[in-house]
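Notes follow once the structure below has been shown.
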Amino acid sequence: MNVSEAWTYGRSHLPHSPNTQLDVRLLLEYVLGVNHSWLVAHDDEELTAVQQAQYRQLIERAARQEPIPYLVGHAPFFDLDFIVTPVVLIPRPETEQLVDLAADWARKRPSGYLPCRIVDVGTGSGCIAVTLASRLPLASVEAVDISAEALAVAQQNARQHAPDRIRFHQGHLLEPIQQPADLLAANLPYVTDAEWTMLDDGVKWYEPAAALKGGADGLDLIRQLLQQAVTKLNPGAAIFLEIGWQQGTAVHNLAHTIFPAAQVELVQDFAGHDRIVVIKMMD
């Protein structure tokens, strides 16, 4: 089997993938240890017997809807590459939008308020904390997760992309945080019990349920975080929350109830769905 034949084999065995071409390419790059341009230029290169066996096995696993990032061990987030394992969620484009908004807010704070104290709650792979640390070199960044296994993955990513910039804590939401924050960012579990039954099998079977399921209305942890945040914020702080596409009104009302003097904004994702809630405190 050469590279061209491997492409054909992969495409024929992943007919239900939403992006078959990309999935096959990533698996081939992983097995051969090459980049995309090499694949294009060497389509007649023969795979060794070991490479063929490994490739066929990975294609079989992908056909059973095991996510490609878990198969190859990494996933992109902005221009960085993050280690991912089944103990953390795979980073998604919606979360990139949250990071953009948070970083932009932090940059526009008056210089007298620097350095900005940032806390990423439920850090998972660390993609939010690490990207904010790399974009905001003067910021003080902390990250929290209840899972020791997830924190180990996040710490690997921090060592690679933001060495010595992030302090990690294991614990429930803001409980480990001792000093008040200027910016809270969180992509907490927000899938409702009803939505869980309708998720793609590849998500339900392979991604960590504890990082997805948010209770009957999807807001169990978001509600707890906002209640904890009352005593964990500096004046003029802001909270950036990723939410489910049908939760905008509920989270908007919840934020106003807990922070009646705050400015609350709903931000839509690129599909036009409510996706991010921004809560800005008074100075």
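Residue numbers start at 1 in each chain; chains themselves are named A, B, ... in the order of the structure tokens; ligands are numbered from 1 in the order shown.
Excluding A:Gly272 itself and any same-chain residue fewer than 6 positions from it, the protein and nucleic acid residues within 12 Å of it, counting only C-alpha atoms, are Glu94, Trp245, Gln246, Gly248 and Leu266 of chain A.
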With C-alpha atoms retained, export the selected residues as a PDB file, in the first residue's frame.
```pdb
ATOM      1  CA  GLU A  94     -16.636  28.200  19.954  1.00  0.00           C
ATOM      2  CA  TRP A 245     -27.131  27.568  22.377  1.00  0.00           C
ATOM      3  CA  GLN A 246     -30.551  27.512  24.097  1.00  0.00           C
ATOM      4  CA  GLY A 248     -28.827  32.481  26.683  1.00  0.00           C
ATOM      5  CA  LEU A 266     -25.070  37.751  25.217  1.00  0.00           C
TER       6      LEU A 266
END
```
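Excluding A:Pro86 and any residue on its chain fewer than 6 positions from it, the residues at most 9 Å away by only C-alpha atoms are Tyr70, Tyr206, Glu207 and Pro208 of chain A.
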Run DSSP on the backbone of this structure and report the residues of stretch 39-205 of chain A it assigns to helix (DSSP H, G or I), as a ChimeraX atom specification. /A:39-41,49-63,68-72,93-107,111-113,127-135,148-161,193-196,201-205
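The shell of residues at most 12 Å from A:Val72, with only C-alpha atoms counted and near chain neighbours (fewer than 5 positions) removed, consists of Asp23, Val24, Arg25, Leu26, Leu27, Leu28, Glu29, Tyr30, Val31, Leu32, Gly33, Gln54, Tyr55, Leu58, Ile59, Arg61, Ala62, Glu66, Pro67, Asp81, Phe82, Ile83, Val84, Thr85, Pro86 and Ile90 of chain A.
For A:Ala216, the residues within 12 Å (counting only C-alpha atoms, excluding itself and residues fewer than 4 positions away along the chain) are Pro189, Tyr190, Val191, Thr192, Asp193, Ala194, Glu195, Trp196, Asp220 and Leu221 of chain A.
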Atoms kept (N, CA and C atoms) for selection, written as an mmCIF file, in the first residue's frame:
```cif
data_model
loop_
_atom_site.group_PDB
_atom_site.id
_atom_site.type_symbol
_atom_site.label_atom_id
_atom_site.label_comp_id
_atom_site.auth_asym_id
_atom_site.auth_seq_id
_atom_site.Cartn_x
_atom_site.Cartn_y
_atom_site.Cartn_z
ATOM 1 N N PRO A 189 -19.327 22.257 32.056
ATOM 2 C CA PRO A 189 -20.347 21.361 31.498
ATOM 3 C C PRO A 189 -21.688 22.083 31.399
ATOM 4 N N TYR A 190 -22.314 22.047 30.202
ATOM 5 C CA TYR A 190 -23.612 22.714 30.064
ATOM 6 C C TYR A 190 -24.623 21.906 29.246
ATOM 7 N N VAL A 191 -24.316 20.655 28.950
ATOM 8 C CA VAL A 191 -25.257 19.820 28.209
ATOM 9 C C VAL A 191 -26.371 19.371 29.157
ATOM 10 N N THR A 192 -27.628 19.584 28.761
ATOM 11 C CA THR A 192 -28.755 19.182 29.597
ATOM 12 C C THR A 192 -28.949 17.662 29.524
ATOM 13 N N ASP A 193 -29.707 17.132 30.484
ATOM 14 C CA ASP A 193 -29.980 15.702 30.475
ATOM 15 C C ASP A 193 -30.670 15.280 29.186
ATOM 16 N N ALA A 194 -31.585 16.112 28.688
ATOM 17 C CA ALA A 194 -32.296 15.781 27.451
ATOM 18 C C ALA A 194 -31.359 15.841 26.246
ATOM 19 N N GLU A 195 -30.485 16.846 26.210
ATOM 20 C CA GLU A 195 -29.548 16.977 25.090
ATOM 21 C C GLU A 195 -28.546 15.832 25.049
ATOM 22 N N TRP A 196 -28.191 15.309 26.216
ATOM 23 C CA TRP A 196 -27.202 14.231 26.287
ATOM 24 C C TRP A 196 -27.622 13.037 25.434
ATOM 25 N N ASP A 220 -26.131 23.523 36.308
ATOM 26 C CA ASP A 220 -25.749 23.206 37.686
ATOM 27 C C ASP A 220 -24.440 23.888 38.086
ATOM 28 N N LEU A 221 -23.387 23.684 37.298
ATOM 29 C CA LEU A 221 -22.071 24.225 37.663
ATOM 30 C C LEU A 221 -21.962 25.709 37.357
#
```
Near stretch 154-177 of chain A, 7 Å: stretch 108-130 of chain A residue rows, closest pairs, only C-alpha atoms, as JSON lines:
```
{"residue": "A:Val121", "atom": "CA", "partner": "A:Leu173", "partner_atom": "CA", "distance": 5.8}
{"residue": "A:Gly122", "atom": "CA", "partner": "A:Leu173", "partner_atom": "CA", "distance": 6.7}
{"residue": "A:Gly124", "atom": "CA", "partner": "A:Ala154", "partner_atom": "CA", "distance": 6.4}
{"residue": "A:Ser125", "atom": "CA", "partner": "A:Ala154", "partner_atom": "CA", "distance": 4.5}
{"residue": "A:Gly126", "atom": "CA", "partner": "A:Ala154", "partner_atom": "CA", "distance": 4.4}
{"residue": "A:Val130", "atom": "CA", "partner": "A:Ala158", "partner_atom": "CA", "distance": 5.8}
```
Secondary structure check, strand (DSSP E or B) residues of stretch 24-94 of chain A, as a ChimeraX atom specification: /A:46,74-77,80-83
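Atom CA of A:Glu242 is found 6.9 Å from atom CA of A:Leu98.
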Might you pull out every residue within 9 Å of stretch 106-111 of chain A, with only C-alpha atoms counted and same-chain residues fewer than 4 positions away left off, and present them as an MDAnalysis selection string? chainID A and resid 101:102 115:116 136 139 182:183
Counting only C-alpha atoms, what is within 7 Å of A:Ala238, bar same-chain residues fewer than 6 positions away, as an NGL selection string? :A and (182-184 or 278-281)
Would you list the contacts of stretch 227-235 of chain A as an mmCIF file with N, CA and C atoms, in the first residue's frame, taking every protein, DNA or RNA residue within 6 Å and counting only C-alpha atoms, but skipping same-chain residues closer than 4 positions in sequence?
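Listing of part30.cif after writing:
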```
data_model
loop_
_atom_site.group_PDB
_atom_site.id
_atom_site.type_symbol
_atom_site.label_atom_id
_atom_site.label_comp_id
_atom_site.auth_asym_id
_atom_site.auth_seq_id
_atom_site.Cartn_x
_atom_site.Cartn_y
_atom_site.Cartn_z
ATOM 1 N N PRO A 180 -8.759 37.447 44.910
ATOM 2 C CA PRO A 180 -9.805 37.801 43.948
ATOM 3 C C PRO A 180 -9.248 37.982 42.539
ATOM 4 N N ALA A 181 -10.091 37.680 41.554
ATOM 5 C CA ALA A 181 -9.689 37.723 40.145
ATOM 6 C C ALA A 181 -10.248 38.955 39.451
ATOM 7 N N ASP A 182 -9.595 39.323 38.361
ATOM 8 C CA ASP A 182 -10.106 40.379 37.483
ATOM 9 C C ASP A 182 -10.893 39.795 36.312
ATOM 10 N N ASP A 283 -16.946 49.210 38.615
ATOM 11 C CA ASP A 283 -15.673 49.534 39.278
ATOM 12 C C ASP A 283 -15.904 49.859 40.737
#
```
Looking at only C-alpha atoms, which of A:Arg223, A:Asp100, A:Gln178, A:Ala271 is the one that sits closest to A:Thr257? A:Arg223
note - atom CA of A:Gln268 and atom CA of A:Phe78 are separated by 18.9 Å
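For the atom pair formed by atom CA of A:His74 and atom CA of A:Val34, the distance is 14.7 Å, given to one decimal.
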